[in-house]
Structure formats: structure tokens, C-alpha cells
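Student: Contents are mmCIF, C-alpha atoms and all ligand atoms; file name structure_32.cif:
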data_data
loop_
_atom_site.label_atom_id
_atom_site.label_comp_id
_atom_site.auth_asym_id
_atom_site.auth_seq_id
_atom_site.Cartn_x
_atom_site.Cartn_y
_atom_site.Cartn_z
CA MET A 201 -13.68 13.69 12.47
CA LYS A 202 -13.03 13.37 16.20
CA GLU A 203 -16.54 12.02 16.80
CA TYR A 204 -15.69 8.85 14.83
CA LEU A 205 -12.26 8.32 16.35
CA ASP A 206 -11.58 5.79 19.11
CA PRO A 207 -9.45 7.91 21.48
CA GLN A 208 -7.88 4.80 23.06
CA LYS A 209 -6.37 3.68 19.75
CA ASP A 210 -3.52 5.06 17.68
CA VAL A 211 -4.20 6.96 14.51
CA SER A 212 -2.07 7.04 11.36
CA LEU A 213 -1.97 9.47 8.45
CA TYR A 214 -2.00 8.97 4.69
CA LEU A 215 -1.37 11.91 2.37
CA HIS A 216 -2.33 11.37 -1.26
CA ILE A 217 -0.27 13.39 -3.73
CA PRO A 218 -2.17 12.67 -6.95
CA PHE A 219 0.31 13.86 -9.59
CA CYS A 220 2.21 11.74 -12.11
CA THR A 221 4.26 12.79 -15.11
CA THR A 222 2.31 10.48 -17.43
CA LYS A 223 -0.15 7.68 -16.78
CA CYS A 224 1.27 4.14 -16.60
CA ASP A 225 -0.63 1.77 -18.90
CA TYR A 226 -1.80 -0.58 -16.14
CA CYS A 227 -2.83 2.09 -13.66
CA ALA A 228 -6.43 2.44 -12.53
CA PHE A 229 -5.72 4.62 -9.46
CA TYR A 230 -6.88 8.18 -9.55
CA SER A 231 -3.96 10.39 -10.59
CA LEU A 232 -3.45 13.49 -12.70
CA PRO A 233 -0.75 13.30 -15.40
CA LEU A 234 1.02 16.66 -15.58
CA SER A 235 3.22 16.34 -18.69
CA LYS A 236 0.71 17.85 -21.11
CA ARG A 237 -0.88 20.38 -18.76
CA LYS A 238 0.10 23.99 -19.28
CA ASP A 239 -1.26 24.79 -15.80
CA ALA A 240 0.86 22.08 -14.09
CA SER A 241 2.65 24.41 -11.68
CA CYS A 242 -0.52 26.38 -10.95
CA ILE A 243 -2.53 23.25 -10.11
CA THR A 244 0.23 21.77 -7.92
CA ASP A 245 0.53 25.14 -6.08
CA GLN A 246 -3.22 25.28 -5.45
CA PHE A 247 -3.35 21.63 -4.40
CA TYR A 248 -0.46 22.09 -1.99
CA GLU A 249 -2.09 25.13 -0.34
CA VAL A 250 -5.36 23.25 0.24
CA LEU A 251 -3.62 20.10 1.50
CA GLU A 252 -1.50 22.18 3.90
CA LYS A 253 -4.64 23.80 5.32
CA GLU A 254 -6.49 20.48 5.61
CA LEU A 255 -3.55 18.86 7.37
CA THR A 256 -3.12 21.80 9.76
CA SER A 257 -6.78 21.65 10.76
CA VAL A 258 -6.69 17.85 11.31
CA VAL A 259 -3.49 18.14 13.39
CA GLU A 260 -5.05 20.88 15.52
CA GLU A 261 -8.24 18.86 15.95
CA LEU A 262 -6.39 15.72 17.07
CA LYS A 263 -3.58 17.34 19.08
CA ARG A 264 -1.53 14.13 19.20
CA PRO A 265 1.20 12.48 17.12
CA PHE A 266 0.36 10.12 14.28
CA ARG A 267 1.58 6.58 14.87
CA THR A 268 2.72 6.19 11.24
CA ILE A 269 2.64 8.45 8.19
CA PHE A 270 2.60 7.43 4.54
CA ILE A 271 2.96 9.93 1.69
CA GLY A 272 1.75 8.14 -1.41
CA GLY A 273 0.54 8.85 -4.89
CA GLY A 274 0.74 9.35 -7.73
CA ASN A 275 4.35 10.30 -7.45
CA PRO A 276 4.81 12.44 -4.31
CA GLY A 277 8.32 13.34 -5.50
CA LEU A 278 6.68 15.73 -7.99
CA LEU A 279 5.74 18.01 -5.08
CA GLY A 280 9.46 18.55 -4.38
CA PRO A 281 11.41 17.93 -1.16
CA SER A 282 10.82 21.30 0.54
CA ARG A 283 7.04 21.00 0.35
CA ILE A 284 7.10 17.41 1.59
CA LYS A 285 9.33 18.56 4.45
CA ASN A 286 6.91 21.34 5.30
CA LEU A 287 3.92 18.94 5.34
CA LEU A 288 5.84 16.64 7.67
CA ASP A 289 6.75 19.53 9.99
CA ILE A 290 3.01 20.23 10.29
CA ALA A 291 2.23 16.54 10.88
CA TYR A 292 4.96 16.35 13.58
CA ALA A 293 3.54 19.30 15.57
CA TYR A 294 2.63 17.02 18.52
CA GLY A 295 5.54 14.58 18.09
CA LYS A 296 7.23 12.50 15.42
CA SER A 297 5.63 9.31 14.11
CA ASP A 298 7.19 5.88 14.72
CA GLU A 299 7.54 5.46 10.96
CA THR A 300 7.24 7.90 8.04
CA THR A 301 7.30 6.54 4.51
CA MET A 302 7.38 8.44 1.26
CA GLU A 303 6.83 6.95 -2.17
CA ILE A 304 8.88 8.21 -5.08
CA ASN A 305 9.37 7.23 -8.71
CA PRO A 306 12.96 6.50 -9.82
CA GLU A 307 13.08 9.19 -12.53
CA THR A 308 12.16 11.89 -9.98
CA LEU A 309 14.69 10.95 -7.30
CA ASP A 310 17.76 13.20 -7.29
CA GLU A 311 20.31 14.65 -4.82
CA SER A 312 17.85 17.35 -3.70
CA PHE A 313 15.88 14.68 -1.80
CA ALA A 314 18.83 14.31 0.59
CA SER A 315 17.28 17.27 2.44
CA LEU A 316 14.43 14.95 3.49
CA LEU A 317 16.62 12.36 5.14
CA SER A 318 15.98 13.53 8.70
CA HIS A 319 12.22 13.69 8.06
CA VAL A 320 11.44 10.23 6.68
CA SER A 321 12.28 6.75 7.93
CA ARG A 322 11.42 4.82 4.74
CA ILE A 323 11.51 5.48 1.05
CA SER A 324 9.31 3.29 -1.10
CA ILE A 325 10.41 3.18 -4.71
CA GLY A 326 8.39 1.82 -7.63
CA ILE A 327 10.98 -0.08 -9.68
CA GLN A 328 8.51 -2.61 -11.21
CA SER A 329 11.16 -4.23 -13.48
CA PHE A 330 14.76 -3.87 -14.60
CA SER A 331 13.93 -4.85 -18.18
CA ASP A 332 13.44 -2.05 -20.70
CA ALA A 333 11.04 -4.22 -22.73
CA HIS A 334 8.80 -4.98 -19.73
CA LEU A 335 8.95 -1.39 -18.48
CA ARG A 336 7.69 -0.35 -21.93
CA THR A 337 4.83 -2.88 -21.71
CA LEU A 338 3.86 -1.33 -18.37
CA GLY A 339 4.15 2.19 -19.82
CA ARG A 340 6.56 3.35 -17.10
CA ASN A 341 8.61 6.52 -17.43
CA ALA A 342 11.80 5.09 -15.96
CA ASP A 343 14.03 2.74 -17.94
CA ARG A 344 16.52 0.19 -16.57
CA ASP A 345 19.30 2.79 -16.25
CA ALA A 346 17.07 5.19 -14.33
CA ASN A 347 16.02 2.38 -11.98
CA ILE A 348 19.63 1.38 -11.28
CA ARG A 349 20.76 4.99 -10.81
CA ALA A 350 17.89 5.58 -8.33
CA MET A 351 18.72 2.43 -6.33
CA ARG A 352 22.38 3.48 -6.07
CA LEU A 353 21.38 6.96 -4.90
CA LEU A 354 19.04 5.51 -2.29
CA GLU A 355 21.84 3.26 -1.04
CA ALA A 356 24.07 6.33 -0.66
CA PHE A 357 21.31 8.18 1.25
CA LYS A 358 20.82 5.13 3.45
CA THR A 359 24.50 5.13 4.41
CA GLU A 360 24.06 8.73 5.62
CA SER A 361 20.80 8.40 7.54
CA GLY A 362 19.99 4.70 8.04
CA PHE A 363 16.42 4.88 6.76
CA LYS A 364 14.77 1.81 5.28
CA ILE A 365 14.26 1.10 1.59
CA ASN A 366 11.12 -0.53 0.18
CA GLY A 367 11.31 -1.62 -3.46
CA ASP A 368 8.28 -2.60 -5.57
CA LEU A 369 8.25 -5.09 -8.44
CA ILE A 370 5.49 -6.22 -10.79
CA THR A 371 5.44 -9.75 -12.18
CA ASN A 372 3.33 -11.83 -14.57
CA ILE A 373 3.85 -9.17 -17.23
CA PRO A 374 2.87 -10.38 -20.75
CA ARG A 375 5.88 -11.99 -22.48
CA GLN A 376 7.95 -11.97 -19.25
CA SER A 377 9.54 -15.38 -18.70
CA ILE A 378 9.90 -16.78 -15.19
CA GLU A 379 13.69 -16.50 -15.62
CA GLU A 380 13.34 -12.77 -16.32
CA ALA A 381 11.04 -12.34 -13.31
CA LEU A 382 13.57 -14.16 -11.12
CA GLU A 383 16.31 -11.89 -12.46
CA ASP A 384 14.28 -8.83 -11.43
CA VAL A 385 13.89 -10.23 -7.91
CA GLU A 386 17.59 -10.98 -7.66
CA THR A 387 18.68 -7.62 -9.03
CA LEU A 388 16.45 -5.67 -6.63
CA SER A 389 17.45 -7.78 -3.64
CA SER A 390 21.15 -7.26 -4.48
CA PHE A 391 20.70 -3.63 -3.39
CA ASN A 392 20.65 -2.79 0.31
CA ILE A 393 16.85 -2.98 0.62
CA ASP A 394 14.85 -3.90 3.72
CA HIS A 395 11.54 -4.68 2.12
CA LEU A 396 10.25 -5.87 -1.24
CA SER A 397 6.68 -5.81 -2.53
CA LEU A 398 5.91 -8.18 -5.38
CA TYR A 399 2.63 -7.63 -7.21
CA SER A 400 1.09 -9.74 -9.91
CA LEU A 401 0.10 -7.46 -12.78
CA THR A 402 -3.62 -6.73 -12.67
CA PHE A 403 -5.65 -5.81 -15.72
CA GLU A 404 -7.95 -3.09 -14.46
CA GLU A 405 -11.08 -1.91 -16.23
CA GLY A 406 -10.36 1.33 -18.02
CA SER A 407 -6.57 0.83 -18.16
CA ARG A 408 -4.75 1.09 -21.51
CA LEU A 409 -3.11 -2.26 -20.84
CA LEU A 410 -6.44 -4.08 -21.06
CA GLU A 411 -7.03 -2.66 -24.55
CA ARG A 412 -3.91 -4.30 -26.00
CA GLU A 413 -2.76 -7.20 -23.76
CA LYS A 414 -4.25 -10.33 -22.19
CA PRO A 415 -3.68 -11.58 -18.63
CA LEU A 416 -1.82 -14.84 -18.09
CA ASP A 417 -3.74 -18.00 -17.38
CA GLU A 418 -4.57 -18.13 -13.62
CA ASP A 419 -2.70 -21.40 -12.98
CA GLU A 420 0.43 -20.13 -14.71
CA GLU A 421 0.21 -16.92 -12.70
CA ALA A 422 -0.05 -18.88 -9.42
CA ASP A 423 2.83 -21.21 -10.39
CA ASN A 424 5.05 -18.21 -11.18
CA LEU A 425 4.20 -16.57 -7.86
CA CYS A 426 5.14 -19.73 -5.94
CA ILE A 427 8.53 -19.91 -7.71
CA LEU A 428 9.21 -16.22 -6.96
CA TRP A 429 8.09 -16.55 -3.32
CA ASP A 430 10.50 -19.48 -2.86
CA ARG A 431 13.36 -17.47 -4.38
CA LEU A 432 12.59 -14.52 -2.10
CA ALA A 433 12.66 -16.85 0.92
CA SER A 434 16.07 -18.18 -0.16
CA LEU A 435 17.27 -14.56 -0.43
CA GLY A 436 16.32 -13.93 3.22
CA PHE A 437 12.93 -12.27 2.73
CA GLU A 438 10.08 -13.23 5.04
CA GLN A 439 6.63 -13.15 3.43
CA TYR A 440 4.42 -11.48 6.03
CA GLU A 441 1.60 -10.52 3.68
CA VAL A 442 0.46 -11.76 0.27
CA SER A 443 2.64 -9.22 -1.59
CA ALA A 444 4.99 -7.97 1.14
CA PHE A 445 8.40 -9.39 2.06
CA ALA A 446 10.64 -8.07 4.84
CA ARG A 447 14.37 -8.59 5.29
CA GLY A 448 15.68 -8.48 8.86
CA GLY A 449 12.15 -8.15 10.30
CA ASN A 450 11.69 -4.72 8.74
CA TYR A 451 7.90 -4.90 8.35
CA CYS A 452 6.20 -1.78 7.08
CA ALA A 453 4.34 -0.52 10.16
CA HIS A 454 1.99 1.68 8.14
CA ASN A 455 0.80 -1.24 6.02
CA LEU A 456 0.29 -3.29 9.18
CA VAL A 457 -2.13 -0.57 10.33
CA TYR A 458 -4.23 -1.23 7.19
CA TRP A 459 -4.00 -5.00 7.50
CA ASN A 460 -5.02 -4.94 11.18
CA LEU A 461 -7.85 -2.51 10.48
CA GLY A 462 -6.24 0.20 12.59
CA GLN A 463 -7.32 3.84 12.46
CA TYR A 464 -5.99 6.12 9.75
CA ILE A 465 -6.89 9.46 8.26
CA GLY A 466 -6.41 9.91 4.52
CA LEU A 467 -6.12 13.42 3.07
CA GLY A 468 -6.03 14.27 -0.63
CA PRO A 469 -8.22 13.41 -3.63
CA SER A 470 -9.75 9.91 -3.43
CA ALA A 471 -7.88 9.19 -0.16
CA GLU A 472 -9.74 6.95 2.28
CA SER A 473 -9.90 7.05 6.07
CA SER A 474 -10.96 4.34 8.49
CA LEU A 475 -11.90 5.38 12.02
CA GLY A 476 -13.24 3.59 15.09
CA TYR A 477 -12.68 0.17 16.59
CA SER A 478 -15.84 -1.80 17.38
CA SER A 479 -17.93 0.30 15.03
CA LEU A 480 -16.15 1.45 11.93
CA VAL A 481 -16.58 4.50 9.76
CA SER A 482 -15.01 4.80 6.33
CA MET A 483 -14.48 8.29 4.89
CA ARG A 484 -13.49 9.28 1.39
CA GLN A 485 -12.25 12.65 0.19
CA ASN A 486 -13.34 14.29 -3.09
CA GLU A 487 -12.78 12.10 -6.15
CA ASP A 488 -10.55 14.48 -8.13
CA VAL A 489 -7.99 17.27 -7.69
CA GLU A 490 -10.22 20.05 -9.03
CA SER A 491 -13.06 19.37 -6.58
CA PHE A 492 -10.56 18.86 -3.74
CA ILE A 493 -9.06 22.28 -4.49
CA SER A 494 -12.38 24.08 -4.82
CA SER A 495 -14.05 22.54 -1.77
CA PRO A 496 -12.31 19.77 0.20
CA SER A 497 -14.84 17.49 1.88
CA PHE A 498 -15.44 13.92 3.06
CA ASP A 499 -18.15 11.38 2.28
CA VAL A 500 -18.83 9.51 5.52
CA LEU A 501 -19.92 5.87 5.34
CA PRO A 502 -20.62 3.98 8.59
CA LEU A 503 -19.98 0.24 8.11
CA SER A 504 -22.52 -2.37 9.26
CA LYS A 505 -21.16 -5.14 11.50
CA THR A 506 -21.15 -7.59 8.55
CA GLU A 507 -19.25 -5.10 6.39
CA ALA A 508 -16.74 -4.53 9.20
CA VAL A 509 -16.23 -8.31 9.68
CA GLU A 510 -15.77 -8.69 5.91
CA GLU A 511 -13.18 -5.90 5.91
CA TYR A 512 -11.43 -7.49 8.89
CA LEU A 513 -11.17 -10.90 7.18
CA LEU A 514 -10.08 -9.33 3.89
CA THR A 515 -7.23 -7.50 5.57
CA THR A 516 -6.04 -9.79 8.39
CA LEU A 517 -6.11 -12.99 6.31
CA ARG A 518 -3.64 -11.39 3.92
CA THR A 519 -1.00 -11.53 6.66
CA LYS A 520 0.99 -14.41 8.11
CA TRP A 521 -0.58 -13.66 11.54
CA GLY A 522 -4.15 -14.11 10.27
CA VAL A 523 -7.15 -13.63 12.54
CA ASN A 524 -6.46 -13.35 16.25
CA LYS A 525 -9.62 -14.80 17.76
CA LYS A 526 -9.41 -12.84 21.06
CA GLU A 527 -8.99 -9.59 19.15
CA PHE A 528 -11.94 -10.57 16.93
CA SER A 529 -14.27 -11.11 19.90
CA LEU A 530 -13.10 -7.87 21.57
CA ARG A 531 -13.77 -5.93 18.42
CA PHE A 532 -17.05 -7.45 17.25
CA GLU A 533 -18.39 -9.02 20.47
CA GLU A 534 -18.81 -12.28 18.54
CA ASP A 535 -17.05 -15.60 18.87
CA PHE A 536 -15.00 -16.37 15.73
CA ASP A 537 -15.41 -20.16 16.06
CA GLU A 538 -19.19 -19.92 16.56
CA LEU A 539 -19.49 -17.80 13.42
CA PHE A 540 -17.08 -19.62 11.14
CA SER A 541 -16.00 -23.09 12.31
CA SER A 542 -18.74 -24.99 10.39
CA LYS A 543 -17.74 -23.13 7.19
CA ILE A 544 -14.03 -23.64 7.82
CA ARG A 545 -14.55 -27.40 8.18
CA LYS A 546 -15.86 -27.49 4.60
CA LEU A 547 -12.65 -25.94 3.22
CA ASN A 548 -9.77 -27.99 1.85
CA ALA A 549 -7.52 -28.73 4.86
CA ASN A 550 -4.45 -27.65 2.85
CA TYR A 551 -5.80 -24.11 2.74
CA TYR A 552 -5.68 -23.12 6.38
CA SER A 553 -4.39 -23.62 9.88
CA ASP A 554 -6.88 -23.27 12.73
CA SER A 555 -5.89 -23.29 16.40
CA GLU A 556 -7.60 -22.16 19.60
CA ASP A 557 -6.16 -18.65 19.22
CA VAL A 558 -5.56 -17.97 15.52
CA PHE A 559 -6.89 -18.77 12.07
CA THR A 560 -4.39 -18.33 9.22
CA LEU A 561 -4.21 -19.21 5.54
CA LYS A 562 -1.45 -21.46 4.20
CA ARG A 563 0.15 -20.83 0.81
CA ASP A 564 -2.49 -22.85 -1.12
CA GLY A 565 -5.20 -20.89 0.68
CA ILE A 566 -3.58 -17.53 -0.03
CA LEU A 567 -3.72 -18.32 -3.75
CA VAL A 568 -7.54 -18.70 -3.53
CA MET A 569 -8.06 -16.23 -0.70
CA ASN A 570 -11.01 -14.40 -2.24
CA GLN A 571 -13.02 -17.61 -2.72
CA ILE A 572 -12.29 -18.62 0.89
CA ILE A 573 -13.44 -15.29 2.27
CA LEU A 574 -16.59 -15.40 0.12
CA ALA A 575 -17.37 -18.90 1.44
CA MET A 576 -16.81 -17.74 5.04
CA LEU A 577 -19.05 -14.71 4.62
CA MET A 578 -21.91 -16.57 2.95
CA ASP A 579 -25.15 -16.18 4.97
CA LEU A 580 -23.42 -14.28 7.75
S1 LIG B 601 3.19 6.40 -11.17
FE1 LIG B 601 1.80 5.14 -9.94
S2 LIG B 601 -0.07 6.37 -9.70
FE2 LIG B 601 1.14 7.30 -11.37
S3 LIG B 601 0.29 6.40 -13.21
FE3 LIG B 601 2.03 5.12 -12.62
S4 LIG B 601 1.16 3.49 -11.32
FE4 LIG B 601 -0.39 5.12 -11.51
#
Show this structure as C-alpha cells.

Tutor:
Amino acid sequence: MKEYLDPQKDVSLYLHIPFCTTKCDYCAFYSLPLSKRKDASCITDQFYEVLEKELTSVVEELKRPFRTIFIGGGNPGLLGPSRIKNLLDIAYAYGKSDETTMEINPETLDESFASLLSHVSRISIGIQSFSDAHLRTLGRNADRDANIRAMRLLEAFKTESGFKINGDLITNIPRQSIEEALEDVETLSSFNIDHLSLYSLTFEEGSRLLEREKPLDEDEEADNLCILWDRLASLGFEQYEVSAFARGGNYCAHNLVYWNLGQYIGLGPSAESSLGYSSLVSMRQNEDVESFISSPSFDVLPLSKTEAVEEYLLTTLRTKWGVNKKEFSLRFEEDFDELFSSKIRKLNANYYSDSEDVFTLKRDGILVMNQIILAMLMDL
């Protein structure tokens, strides 16, 4: 792993805990539902042992602190607080990270997680909606009461330790009116949260949702997003990425690593890593838990310069800071304006803002971001 790493640049860590109680109907991520497995505790024990070994060997190879750590899933809460704490003790062997975030589902959060308060700096909680009907459409385990109970508990933890709270919502759910979506935004923001992620429901191939529901019309979806973004702004949330809103400047540092194409190591089934600076290498761990347990390994994929530029545009243009042209030429030894200005001139002027130093997308451009990036990458 060290051979791909740029030693001058920070490195972050992502741990993928792939277990869920049941599968949500919209989910196309790799995860293993445990509710019907008789071997649930055996498989989580085996997984934990392998992950602990993998993490120890990476920490000993790097011998330096991780800049940020994110424990995601699945539902990492299913591993239990003492195991999460132990993994973090291993990760902190050469110093604590600037930010450590753990995801958890509302129905799993209980008082026992108070023991983690000194180990994490953010908790990210998947609320998705406060409406029982819409939670049922999504196939979530938690109902409205569980979501409210979890938010109150997190607020109590926050009073003790001062960590940050990220809350996630999904919108554009079939049969959800814009008034109901606005109510979800207002209810979540009425809690003492620092960060809100608002995702438009996606209909992924292979998800149960696609078998029984239809996505909204694209224009209606975009109109709804604009109304919700405006409401979030009026509630004091700054949109710093397409789906991410921070209150009081509390950006999620780990996500900024992804969006700035920083270095990170991902451990766990289907976790991805991205290493290097001017030349990038993407690594992916085994696809599923069983193969991860029996023989953990990485597929290594060096990116061509065009692939790396594509990745850079796809990530940086999601943010309010956009492409920093100096950073672009340092990284790729290419001039951004020479490569793209003729293509940019053909875009609708309402889509972007282009100065000597930065190229960013405006709201209208963000709504058609993929088409813009495709147009920019054409014949590169
Ligand atoms: S909890 Fe998350 S990872 Fe698990 S099934 Fe639901 S959406 Fe997918």
C-alpha cells in the first residue's frame, strides 16, 4: 500500500461495517442483512477479527495518524460500542485524527453508546424521514418514534461531550408532498444538529423499490430540491456540496477529503481506497463479507490521466469551492483553461462562474451537473 501513497499528503481512513438488520428497499450498497441469519453472531465475530488484523497491519505500515476517520456501513452500530472503541484505539496508535465520524441507525442507538463519546467527534444518523408512511415506503426499520427518541438521545450525548451531529434525510419519495418534505427538514433542523445531508431518492437497479414504485418526473424532482435548499438556507444551513449542508461552518472534513480527491484507505468488504496525488491508484477490497473473512485482499486499479481528471471534476464540482485552477495544474501538470475554456464557453452562462482562479457551478448547473461534466470531458 505504501508504494502508492504520496508521503507528503495526509491520509484518511474508512472502515466499512457491512451489517444491517434488514435491507432497506431502496438500497443498492453491498450489505449483509443479519435478521434471518442463524450464524449472525459467528459471522460478525469472524468479520471483526479479520478487520482488526487488517487495520493493525495498515497502521503499522503507515506509522502515522489518519487525518480523518469514517466508520460507515451498513449500520456500524451493530458491531457494538466496545468493538468500535477497540478499532479506534488501534487507529489512534500514532495519534488521534482531526475528525472521527461514526454512522449509526436510530433503532440501534442506545445509552451504551455513551461509552464512545470520547472516541468520536461526529455521529451521523440516518433519519431519512419523520413520517411513518414514507419510512415504510423506504423499507426502513425505524419509525417516527424511534427517530425522535434517537435524536433526543444524541442531543443528550452532545451536551456531555460536544461532538457534532450529522442527520440524513431522503426526499422525492413517491407520494411525499413538498409540504411533508419541508416538515421533515424543519423537524430535523429543530434538533441541535450541525450538519444535514439531503438526498433525492434514487431508484437503483436491483433494489426492491424499483420493482414497485416509479421515480418522480425530473423537473418536479429539481423543483422540489430548489424549494428545500431555499428552506435550509433560511434555517441557517450553508450548502457546501450538492447534498451537504453545514450549520455554523461545521463541514464534514472526511467528506471534503473525498470531494477534493484526497488520499484515503478503505478497509472492509467493497470499501474503496484512493491513493496518490499526481498519479492516482484506486483500490477495492473483496466484494463480500465471506471472501473478506476467508482471504482479505485488494484489487489495484491505476487511473489514467483522463480518468483522474474525470474523477477530479466529478468530485470538486459537487462543492461550492469548485475547481481550483492552480491546484489542478499542480496535480495534473495541465492548464485548466487550455483544456476546458472552449467547452465552457458553449455552456449556458447561468450554469457556471469562471474566474482566473476558480471554476464553479451555480445552482442551475448543479441540477444538470452530469451533462456538464460529460460535455467538458468530450474528446479530452
Ligand atoms: S441501513 Fe443503509 S446500508 Fe443498510 S440496507 Fe439500509 S440503506 Fe442500505

Student: Would you list the contacts of Gly462 of chain A as a ChimeraX atom specification, taking every protein, DNA or RNA residue within 8 Å and counting all atoms listed in the file, but skipping same-chain residues closer than 2 positions in sequence?

Tutor: /A:209-211,457-460,464,474-475,477

Student: Restrict the selected residues to C-alpha atoms and save them as a CSV table (one decimal), in the coordinates of the input.

Tutor:
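Writing done, so here's again-v1.csv:
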chain,number,residue,atom,x,y,z
A,209,LYS,CA,-6.4,3.7,19.8
A,210,ASP,CA,-3.5,5.1,17.7
A,211,VAL,CA,-4.2,7.0,14.5
A,457,VAL,CA,-2.1,-0.6,10.3
A,458,TYR,CA,-4.2,-1.2,7.2
A,459,TRP,CA,-4.0,-5.0,7.5
A,460,ASN,CA,-5.0,-4.9,11.2
A,464,TYR,CA,-6.0,6.1,9.8
A,474,SER,CA,-11.0,4.3,8.5
A,475,LEU,CA,-11.9,5.4,12.0
A,477,TYR,CA,-12.7,0.2,16.6

Student: Neighbours of segment 382-387 of chain A within 12 Å (only C-alpha atoms; same-chain residues fewer than 6 positions away dropped), as a CSV table (one decimal) with C-alpha atoms, in the frame of the given file?

Tutor:
chain,number,residue,atom,x,y,z
A,327,ILE,CA,11.0,-0.1,-9.7
A,328,GLN,CA,8.5,-2.6,-11.2
A,329,SER,CA,11.2,-4.2,-13.5
A,330,PHE,CA,14.8,-3.9,-14.6
A,331,SER,CA,13.9,-4.8,-18.2
A,332,ASP,CA,13.4,-2.0,-20.7
A,334,HIS,CA,8.8,-5.0,-19.7
A,335,LEU,CA,9.0,-1.4,-18.5
A,344,ARG,CA,16.5,0.2,-16.6
A,347,ASN,CA,16.0,2.4,-12.0
A,348,ILE,CA,19.6,1.4,-11.3
A,351,MET,CA,18.7,2.4,-6.3
A,367,GLY,CA,11.3,-1.6,-3.5
A,368,ASP,CA,8.3,-2.6,-5.6
A,369,LEU,CA,8.2,-5.1,-8.4
A,370,ILE,CA,5.5,-6.2,-10.8
A,371,THR,CA,5.4,-9.8,-12.2
A,372,ASN,CA,3.3,-11.8,-14.6
A,373,ILE,CA,3.8,-9.2,-17.2
A,376,GLN,CA,8.0,-12.0,-19.2
A,393,ILE,CA,16.8,-3.0,0.6
A,395,HIS,CA,11.5,-4.7,2.1
A,396,LEU,CA,10.2,-5.9,-1.2
A,397,SER,CA,6.7,-5.8,-2.5
A,398,LEU,CA,5.9,-8.2,-5.4
A,399,TYR,CA,2.6,-7.6,-7.2
A,424,ASN,CA,5.0,-18.2,-11.2
A,425,LEU,CA,4.2,-16.6,-7.9
A,426,CYS,CA,5.1,-19.7,-5.9
A,427,ILE,CA,8.5,-19.9,-7.7
A,428,LEU,CA,9.2,-16.2,-7.0
A,429,TRP,CA,8.1,-16.6,-3.3
A,430,ASP,CA,10.5,-19.5,-2.9
A,431,ARG,CA,13.4,-17.5,-4.4
A,432,LEU,CA,12.6,-14.5,-2.1
A,433,ALA,CA,12.7,-16.8,0.9
A,434,SER,CA,16.1,-18.2,-0.2
A,435,LEU,CA,17.3,-14.6,-0.4
A,436,GLY,CA,16.3,-13.9,3.2
A,437,PHE,CA,12.9,-12.3,2.7
A,445,PHE,CA,8.4,-9.4,2.1

Student: Neighbouring residues of ligand LIG 601 (chain B) are defined here as those with any atom at most 6 Å from a ligand atom, counting only C-alpha atoms and all ligand atoms; list them as a list of chain:residue names.

Tutor: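 Selection of residues at most 6 Å from ligand LIG 601 (chain B): A:Cys220, A:Lys223, A:Cys224, A:Cys227, A:Phe229, A:Ser231, A:Gly273, A:Gly274, A:Asn275.
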
Student: Write the residues of the selection above to a file with C-alpha atoms, as an mmCIF file, in the frame of the given file.

Tutor:
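The file below, out-v8.cif, is the result:
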data_model
loop_
_atom_site.group_PDB
_atom_site.id
_atom_site.type_symbol
_atom_site.label_atom_id
_atom_site.label_comp_id
_atom_site.auth_asym_id
_atom_site.auth_seq_id
_atom_site.Cartn_x
_atom_site.Cartn_y
_atom_site.Cartn_z
ATOM 1 C CA CYS A 220 2.210 11.740 -12.110
ATOM 2 C CA LYS A 223 -0.150 7.680 -16.780
ATOM 3 C CA CYS A 224 1.270 4.140 -16.600
ATOM 4 C CA CYS A 227 -2.830 2.090 -13.660
ATOM 5 C CA PHE A 229 -5.720 4.620 -9.460
ATOM 6 C CA SER A 231 -3.960 10.390 -10.590
ATOM 7 C CA GLY A 273 0.540 8.850 -4.890
ATOM 8 C CA GLY A 274 0.740 9.350 -7.730
ATOM 9 C CA ASN A 275 4.350 10.300 -7.450
#

Student: Could you list, as a PyMOL selection string, every residue within 12 Å of Ala228 of chain A, counting all atoms listed in the file and ignoring same-chain residues fewer than 5 positions away?

Tutor: chain A and resi 223+274+401-410

Student: Using all atoms listed in the file, determine which residues lie at most 8 Å from Leu205 of chain A, disregarding the query and same-chain residues fewer than 4 positions distant; provide the list as a ChimeraX atom specification.

Tutor: /A:201,463,475-476

Student: Quick one: of A:Ser494, A:Ser542, A:Asn455, A:Thr301, who's nearest to Leu577 of chain A, counting all atoms listed in the file?

Tutor: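 Ranking A:Ser494, A:Ser542, A:Asn455, A:Thr301 by distance to Leu577 of chain A, first place goes to A:Ser542.
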
Student: May I ask which of the residues A:Leu262, A:Ala291, A:Leu338, A:Ile365 is the closest one to Asn450 of chain A, counting all atoms listed in the file?

Tutor: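 When distances to Asn450 of chain A are compared using all atoms listed in the file, the smallest one comes from A:Ile365.
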
Student: Please determine, counting only C-alpha atoms, which residue among A:Pro207, A:Asp245, A:Ser504, A:Asp343 has the shortest atom-to-atom distance to Val489 of chain A.

Tutor: A:Asp245

Student: With a distance cut-off of 9 Å and only C-alpha atoms, select the neighbouring residues of Leu354 of chain A, excluding the residue or stretch itself and same-chain residues fewer than 2 positions from it, and output the selection as a PyMOL selection string.

Tutor: chain A and resi 309+323+349-352+356-359+365+392

Student: I need the residue nearest His454 of chain A from this list: A:Glu538, A:Glu249, A:Asp298, A:Asp564. Use only C-alpha atoms for the distance.

Tutor: A:Asp298

Student: Pick from A:Asn548, A:Thr221, A:Ser473, A:Ser541: nearest to Arg340 of chain A, with only C-alpha atoms counted?

Tutor: A:Thr221

Student: Calculate, to one decimal in Å, the centre and edge lengths of the box along x, y and z of the file that holds all listed atoms of segment 399-410 of chain A with 6 Å of margin on each side, and present them as AutoDock Vina command-line options.

Tutor:
--center_x -4.2 --center_y -4.2 --center_z -14.4 --size_x 25.7 --size_y 23.1 --size_z 26.3

Student: What is the distance between atom CA of Gly449 of chain A and atom CA of Pro306 of chain A, in Å to one decimal?

Tutor: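 Spanning atom CA of Gly449 of chain A to atom CA of Pro306 of chain A is a straight-line distance of 24.9 Å.
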